[in-house]
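S.K.: So here's start24.txt (compact mmCIF, C-alpha atoms).
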# COMPACT_ATOMS: atom_id res chain seq x y z
CA MET A 1 202.07 27.11 171.07
CA SER A 2 201.94 30.90 171.40
CA ARG A 3 202.71 31.34 167.70
CA LEU A 4 200.02 28.80 166.77
CA LEU A 5 197.42 30.60 168.89
CA TYR A 6 198.53 33.96 167.52
CA ASP A 7 198.17 32.87 163.89
CA ALA A 8 194.86 31.11 164.57
CA ALA A 9 193.45 34.22 166.25
CA ARG A 10 194.74 36.41 163.43
CA LYS A 11 193.05 34.22 160.83
CA TRP A 12 189.69 33.61 162.47
CA PHE A 13 189.33 37.14 163.83
CA THR A 14 189.61 38.45 160.27
CA LEU A 15 187.33 35.82 158.74
CA GLY A 16 184.74 36.16 161.50
CA SER A 17 184.48 39.91 161.07
CA SER A 18 184.24 39.49 157.31
CA ALA A 19 181.28 37.15 157.76
CA LEU A 20 179.60 39.54 160.19
CA PHE A 21 179.85 42.34 157.64
CA PHE A 22 177.27 40.64 155.43
CA ALA A 23 175.05 39.73 158.37
CA LEU A 24 175.06 43.29 159.71
CA LEU A 25 173.95 44.66 156.34
CA SER A 26 170.55 43.15 157.04
CA LEU A 27 170.49 43.02 160.86
CA GLU A 28 170.42 45.83 163.39
CA ALA A 29 172.83 45.35 166.29
CA PRO A 30 170.57 45.79 169.38
CA PHE A 31 172.10 48.83 171.07
CA GLY A 32 171.86 52.60 170.74
CA ARG A 33 169.06 53.75 168.45
CA PHE A 34 168.38 50.10 167.60
CA SER A 35 168.11 49.00 171.22
CA SER A 36 165.66 46.14 171.77
CA GLN A 37 162.93 45.96 174.37
CA TRP A 38 163.29 42.34 175.45
CA ILE A 39 164.09 41.22 178.99
CA PHE A 40 167.79 40.38 178.56
CA THR A 41 169.17 43.90 178.36
CA LEU A 42 171.68 45.77 180.49
CA ASP A 43 172.22 49.38 181.46
CA GLY A 44 173.89 50.97 178.43
CA LYS A 45 176.73 52.70 180.25
CA VAL A 46 177.57 49.67 182.39
CA CYS A 47 177.48 47.36 179.38
CA TRP A 48 179.72 49.67 177.36
CA MET A 49 182.33 49.96 180.10
CA MET A 50 182.32 46.23 180.77
CA MET A 51 182.99 45.26 177.18
CA GLU A 52 185.47 48.05 176.38
CA ILE A 53 187.65 47.78 179.49
CA VAL A 54 188.52 44.25 178.39
CA SER A 55 190.63 45.59 175.51
CA PRO A 56 193.25 47.56 177.49
CA ILE A 57 193.43 44.77 180.09
CA CYS A 58 194.11 42.09 177.48
CA PHE A 59 196.44 44.38 175.56
CA SER A 60 198.47 45.20 178.66
CA TYR A 61 198.77 41.54 179.65
CA ALA A 62 199.96 40.52 176.18
CA TYR A 63 202.25 43.53 175.79
CA PHE A 64 204.07 43.07 179.08
CA THR A 65 204.25 39.25 178.99
CA SER A 66 205.39 39.18 175.33
CA PRO A 67 204.01 35.73 174.37
CA LEU A 68 205.88 35.85 171.05
CA GLY A 69 209.20 36.50 172.78
CA GLY A 70 211.07 39.72 173.36
CA SER A 71 212.51 41.40 176.41
CA THR A 72 213.35 45.10 176.58
CA LEU A 73 210.73 47.25 174.86
CA SER A 74 211.84 50.16 172.68
CA THR A 75 210.67 53.76 172.80
CA ARG A 76 208.65 53.33 169.61
CA GLN A 77 206.95 50.23 170.96
CA ASN A 78 206.05 52.10 174.14
CA LEU A 79 204.73 55.10 172.18
CA LEU A 80 202.42 52.83 170.18
CA ALA A 81 201.31 51.08 173.36
CA ALA A 82 200.59 54.46 174.97
CA ALA A 83 198.50 55.46 171.94
CA TYR A 84 196.43 52.28 172.18
CA LEU A 85 195.88 52.67 175.92
CA THR A 86 195.05 56.37 175.59
CA HIS A 87 192.31 55.55 173.09
CA TYR A 88 190.80 52.96 175.39
CA ALA A 89 191.14 55.07 178.52
CA ASN A 90 188.83 57.51 176.77
CA ARG A 91 186.61 54.89 175.17
CA ALA A 92 186.20 52.60 178.17
CA VAL A 93 186.20 55.06 181.09
CA ILE A 94 186.20 58.79 180.34
CA SER A 95 183.64 58.87 177.53
CA PRO A 96 180.97 56.68 179.18
CA LEU A 97 181.31 58.55 182.47
CA MET A 98 180.75 61.84 180.63
CA THR A 99 177.81 60.52 178.63
CA PRO A 100 174.47 61.64 180.11
CA SER A 101 172.87 58.29 179.31
CA ARG A 102 172.98 55.35 176.94
CA SER A 103 170.20 53.18 175.60
CA ARG A 104 170.00 49.72 177.13
CA SER A 105 172.06 47.08 175.36
CA ASP A 106 171.24 43.48 174.57
CA VAL A 107 173.40 40.89 176.36
CA ILE A 108 174.47 39.61 172.95
CA VAL A 109 176.12 42.99 172.35
CA LEU A 110 178.12 42.56 175.56
CA ALA A 111 179.20 39.05 174.52
CA ALA A 112 180.18 40.17 171.03
CA GLY A 113 182.04 43.22 172.35
CA VAL A 114 184.00 41.20 174.90
CA THR A 115 184.95 38.63 172.25
CA PHE A 116 186.14 41.34 169.87
CA ASN A 117 188.15 43.14 172.52
CA VAL A 118 189.78 40.01 173.95
CA LEU A 119 190.98 38.98 170.50
CA ASN A 120 191.99 42.45 169.40
CA GLY A 121 193.74 43.39 172.63
CA CYS A 122 195.69 40.15 172.80
CA LEU A 123 196.66 40.26 169.12
CA VAL A 124 197.83 43.88 169.06
CA GLY A 125 199.64 43.55 172.39
CA SER A 126 201.39 40.37 171.28
CA TYR A 127 202.38 41.90 167.96
CA LEU A 128 203.74 45.15 169.41
CA SER A 129 205.89 43.40 172.01
CA SER A 130 207.36 40.82 169.62
CA PRO A 131 211.03 40.79 168.56
CA ASP A 132 209.99 41.01 164.89
CA THR A 133 208.10 44.24 165.56
CA GLN A 134 211.00 45.67 167.57
CA ALA A 135 213.36 44.94 164.68
CA PHE A 136 210.93 46.43 162.15
CA LEU A 137 210.39 49.61 164.17
CA ALA A 138 214.15 50.09 164.56
CA GLN A 139 214.41 50.29 160.77
CA ARG A 140 211.12 52.10 160.14
CA SER A 141 211.56 55.49 158.50
CA SER A 142 211.24 58.23 161.09
CA ALA A 143 209.16 60.25 158.64
CA ILE A 144 206.63 57.45 158.20
CA PHE A 145 206.53 56.69 161.93
CA ILE A 146 205.98 60.34 162.85
CA PHE A 147 203.38 60.77 160.10
CA GLY A 148 201.50 57.71 161.36
CA MET A 149 201.53 58.93 164.96
CA LEU A 150 200.38 62.41 163.90
CA LEU A 151 197.55 60.87 161.88
CA TRP A 152 196.64 58.81 164.93
CA ALA A 153 196.59 61.94 167.12
CA ILE A 154 194.46 63.91 164.64
CA GLY A 155 192.04 61.01 164.28
CA PHE A 156 191.82 60.56 168.04
CA ALA A 157 191.15 64.27 168.60
CA GLY A 158 188.51 64.29 165.86
CA ASN A 159 186.83 61.21 167.26
CA VAL A 160 186.67 62.71 170.76
CA LYS A 161 185.42 66.09 169.52
CA HIS A 162 182.60 64.65 167.42
CA ASP A 163 181.60 62.33 170.26
CA MET A 164 181.36 65.39 172.51
CA ILE A 165 178.99 67.02 170.00
CA LEU A 166 176.79 63.93 170.18
CA MET A 167 176.89 63.98 173.98
CA ASP A 168 175.85 67.62 174.02
CA ILE A 169 172.97 66.86 171.66
CA ARG A 170 171.76 64.14 173.99
CA ARG A 171 171.80 66.56 176.91
CA LYS A 172 169.74 69.15 175.06
CA SER A 173 167.63 67.21 172.56
CA SER A 174 164.84 66.33 175.00
CA GLU A 175 163.98 70.04 175.04
CA LYS A 176 163.81 70.34 171.25
CA LYS A 177 160.91 69.61 168.96
CA ASP A 178 163.12 68.05 166.27
CA SER A 179 164.30 65.18 168.49
CA ALA A 180 163.28 61.54 168.37
CA SER A 181 162.74 59.36 171.43
CA ILE A 182 163.24 55.64 171.95
CA ASN A 183 162.95 53.31 174.94
CA GLY A 184 159.74 54.89 176.13
CA GLY A 185 161.08 58.44 175.84
CA LYS A 186 164.17 57.82 177.99
CA GLU A 187 166.65 58.37 175.15
CA HIS A 188 166.55 61.26 172.71
CA TYR A 189 168.19 61.70 169.33
CA ALA A 190 168.50 64.77 167.13
CA ILE A 191 170.24 65.75 163.91
CA PRO A 192 173.89 66.58 164.74
CA HIS A 193 175.57 69.69 163.32
CA GLY A 194 179.03 71.21 163.44
CA LEU A 195 182.52 70.41 162.13
CA LEU A 196 182.45 67.34 159.85
CA PHE A 197 178.76 66.78 160.58
CA ARG A 198 178.27 69.39 157.89
CA TRP A 199 179.18 66.77 155.29
CA VAL A 200 178.67 63.34 156.87
CA SER A 201 176.48 61.69 159.48
CA PHE A 202 179.26 59.71 161.15
CA PRO A 203 182.46 61.75 161.31
CA ASN A 204 183.30 60.04 164.61
CA TYR A 205 183.57 56.76 162.69
CA LEU A 206 185.66 58.38 159.95
CA CYS A 207 188.04 59.94 162.47
CA GLU A 208 188.44 56.62 164.25
CA TRP A 209 189.34 54.96 160.98
CA PHE A 210 192.01 57.62 160.34
CA GLU A 211 193.23 57.10 163.90
CA TRP A 212 193.87 53.40 163.40
CA LEU A 213 195.17 53.92 159.87
CA GLY A 214 197.86 56.15 161.35
CA PHE A 215 198.55 53.59 164.07
CA ALA A 216 198.92 50.81 161.49
CA LEU A 217 201.22 52.92 159.28
CA ALA A 218 203.48 53.62 162.25
CA ALA A 219 203.45 50.08 163.61
CA SER A 220 203.63 47.84 160.58
CA ALA A 221 204.49 47.54 156.91
CA THR A 222 201.54 47.81 154.54
CA PRO A 223 200.19 44.31 153.81
CA SER A 224 201.09 42.91 150.40
CA PHE A 225 198.29 41.02 148.72
CA VAL A 226 199.96 39.33 145.78
CA PRO A 227 197.83 37.31 143.33
CA SER A 228 199.10 34.04 144.83
CA SER A 229 197.55 35.10 148.15
CA PHE A 230 194.13 34.79 146.53
CA ALA A 231 194.82 31.66 144.49
CA ASN A 232 193.55 29.29 147.18
CA LEU A 233 190.98 31.66 148.69
CA LEU A 234 188.28 29.00 148.61
CA GLY A 235 190.50 26.70 150.65
CA VAL A 236 191.37 29.31 153.24
CA PHE A 237 189.41 27.50 155.96
CA ASP A 238 191.49 24.36 155.59
CA ALA A 239 194.85 26.06 155.10
CA PRO A 240 197.26 26.42 158.05
CA ALA A 241 196.70 29.62 159.98
CA SER A 242 200.34 30.60 159.48
CA SER A 243 199.76 30.82 155.70
CA PHE A 244 196.77 33.16 156.04
CA PHE A 245 198.00 36.42 154.45
CA PRO A 246 201.30 36.38 156.39
CA THR A 247 201.87 40.13 155.96
CA LEU A 248 198.44 41.02 157.42
CA THR A 249 199.45 42.09 160.93
CA PRO A 250 197.13 42.86 163.88
CA PRO A 251 197.22 46.68 163.46
CA TRP A 252 195.92 46.29 159.90
CA ILE A 253 193.46 43.60 160.98
CA PHE A 254 192.14 46.03 163.60
CA LEU A 255 191.60 48.71 160.96
CA PHE A 256 189.97 46.24 158.57
CA ASN A 257 187.64 44.89 161.27
CA GLU A 258 186.63 48.40 162.36
CA ILE A 259 185.60 49.26 158.82
CA VAL A 260 183.67 46.07 158.05
CA LEU A 261 181.82 46.15 161.39
CA MET A 262 181.11 49.89 161.60
CA LEU A 263 180.16 50.56 157.98
CA PRO A 264 176.98 48.43 157.99
CA ARG A 265 175.78 50.15 161.16
CA ALA A 266 176.42 53.56 159.60
CA LEU A 267 174.49 52.55 156.47
CA ARG A 268 171.47 51.41 158.49
CA ALA A 269 171.63 54.40 160.83
CA GLN A 270 171.58 56.76 157.84
CA ILE A 271 168.33 55.14 156.74
CA TRP A 272 167.01 55.59 160.28
CA TYR A 273 167.93 59.29 160.27
CA LYS A 274 166.12 59.91 156.98
CA LYS A 275 163.08 57.92 158.02
CA THR A 276 162.88 59.54 161.46
CA PHE A 277 163.52 63.18 160.56
CA GLY A 278 162.29 63.29 156.98
CA ASP A 279 162.75 66.65 155.25
CA LYS A 280 164.59 68.08 158.26
CA PHE A 281 167.56 65.82 157.54
CA PRO A 282 170.13 67.45 155.18
CA LYS A 283 169.59 65.85 151.78
CA ASP A 284 173.20 66.27 150.62
CA ARG A 285 174.77 64.81 153.78
CA LYS A 286 176.75 61.66 153.03
CA ILE A 287 177.10 58.73 155.42
CA ILE A 288 180.76 58.58 156.36
CA ILE A 289 183.07 59.83 153.55
CA PRO A 290 182.50 63.46 152.45
CA PHE A 291 181.16 63.79 148.87
CA VAL A 292 181.62 60.05 148.23
CA LEU A 293 179.66 57.69 150.54
Could you quickly redo this structure as structure tokens?
M.R.:
Amino acid sequence: MSRLLYDAARKWFTLGSSALFFALLSLEAPFGRFSSQWIFTLDGKVCWMMMEIVSPICFSYAYFTSPLGGSTLSTRQNLLAAAYLTHYANRAVISPLMTPSRSRSDVIVLAAGVTFNVLNGCLVGSYLSSPDTQAFLAQRSSAIFIFGMLLWAIGFAGNVKHDMILMDIRRKSSEKKDSASINGGKEHYAIPHGLLFRWVSFPNYLCEWFEWLGFALAASATPSFVPSSFANLLGVFDAPASSFFPTLTPPWIFLFNEIVLMLPRALRAQIWYKKTFGDKFPKDRKIIIPFVL
């Protein structure tokens, strides 16, 4: 039963996020600069902590109960688990407590965030604690494992640093003339500068992608998408979950889902920046990948 649930979650988590990608290209998720004004909203900091704390809780439960089997956990498994929990300690607790304020969030954002984090935490925790992963990590090249963990550390540090720049802007922007206010003047936004903000509007997103790319490289083999994998793509909904891209493991699913869910928001936020700040916004600044996108 655990394997059936694991494969079903792996399949539908990936397909669901893929479908949301297209929806989010035309819709604005109601939080942050796109926060709505309707009655069913929650305090931004409380909402953020509630939906993010779910991930390390679900991860820890799955990791230590090992629903796919397994007993003694190896050093490499524990290092990867520590990396995951370190990210979410910052994301779910430290960062929101340091943030001066957050725009109110729609309850649908809370529901969507909790759903994402339950699935992701359970999948990654189950994968990392499984006997198959333990056997793979025992044979994984030390060079690749170390490179992946270093990439994770660099991405994590970059993500934290750029988030701190945004926090500092929020503290000071209400005193500047080139800031924009939402929610009746309670939240202020300004054009960020410094480090990778010189080239892109969302270096925090880019660094987070590098973080989880490194994690995936250390934790799993690169997925192989052979032509036969796409042969019955139209029948993917009816096919058994176990046959859904068998080499696509949760660490790579996490990276894929981050990209398809964060990219549309970055695209729409770039439009918001240009519309809000006009000529003050750097014309040559890309969205998320320097000199490319």
S.K.: So how far away is CA of Ser141 (chain A) from CA of Leu128 (chain A), in Å?
M.R.: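 Distance between the two atoms: 16.9 Å.
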S.K.: Excluding Asn117 (chain A) and residues on its chain fewer than 4 positions from it, collect all residues at most 12 Å away from it, counting all atoms listed in the file, and give them as a list in words.
M.R.: Phe13, Trp48, Met49, Met50, Met51, Glu52, Ile53, Val54, Ser55, Pro56, Ile57, Cys58, Phe59, Tyr88, Ala92, Leu110, Ala111, Ala112, Gly113, Gly121, Cys122, Leu123, Val124, Gly125, Phe254, Asn257 and Glu258 of chain A
S.K.: Emit the selected residues as a short mmCIF file (atom, residue, chain, number, x, y, z; two decimals), in the frame of the given file, including C-alpha atoms.
M.R.:
data_model
loop_
_atom_site.label_atom_id
_atom_site.label_comp_id
_atom_site.auth_asym_id
_atom_site.auth_seq_id
_atom_site.Cartn_x
_atom_site.Cartn_y
_atom_site.Cartn_z
CA PHE A 13 189.33 37.14 163.83
CA TRP A 48 179.72 49.67 177.36
CA MET A 49 182.33 49.96 180.10
CA MET A 50 182.32 46.23 180.77
CA MET A 51 182.99 45.26 177.18
CA GLU A 52 185.47 48.05 176.38
CA ILE A 53 187.65 47.78 179.49
CA VAL A 54 188.52 44.25 178.39
CA SER A 55 190.63 45.59 175.51
CA PRO A 56 193.25 47.56 177.49
CA ILE A 57 193.43 44.77 180.09
CA CYS A 58 194.11 42.09 177.48
CA PHE A 59 196.44 44.38 175.56
CA TYR A 88 190.80 52.96 175.39
CA ALA A 92 186.20 52.60 178.17
CA LEU A 110 178.12 42.56 175.56
CA ALA A 111 179.20 39.05 174.52
CA ALA A 112 180.18 40.17 171.03
CA GLY A 113 182.04 43.22 172.35
CA GLY A 121 193.74 43.39 172.63
CA CYS A 122 195.69 40.15 172.80
CA LEU A 123 196.66 40.26 169.12
CA VAL A 124 197.83 43.88 169.06
CA GLY A 125 199.64 43.55 172.39
CA PHE A 254 192.14 46.03 163.60
CA ASN A 257 187.64 44.89 161.27
CA GLU A 258 186.63 48.40 162.36
#
S.K.: Separation of CA of Ser18 (chain A) and CA of Val260 (chain A), in Å?
M.R.: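 Going from CA of Ser18 (chain A) over to CA of Val260 (chain A), I get 6.6 Å.
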S.K.: So, with all atoms listed in the file as the atoms that count, which of A:Pro67, A:Pro223, A:Gly44, A:Pro282 lies closest to Thr99 (chain A)?
M.R.: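 Using all atoms listed in the file, the shortest distance to Thr99 (chain A) belongs to A:Gly44.
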S.K.: Applying 9 Å and all atoms listed in the file, which residues near Phe244 (chain A) remain after dropping the ones on its own chain fewer than 2 positions away? List them as a PyMOL selection string.
M.R.: chain A and resi 7-8+10-11+229+236+239-242+246-248
S.K.: I'd like the interatomic distance between CA of Val114 (chain A) and CA of Asn78 (chain A), to a tenth of an Å.
M.R.: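 Atom-to-atom, CA of Val114 (chain A) and CA of Asn78 (chain A) are spaced 24.6 Å apart.
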S.K.: Restricting the calculation to only C-alpha atoms, which member of A:Thr222, A:Arg265, A:Pro192, A:Trp152 is positioned closest to Tyr205 (chain A)?
M.R.: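 Closest to Tyr205 (chain A) of all the choices is A:Arg265.
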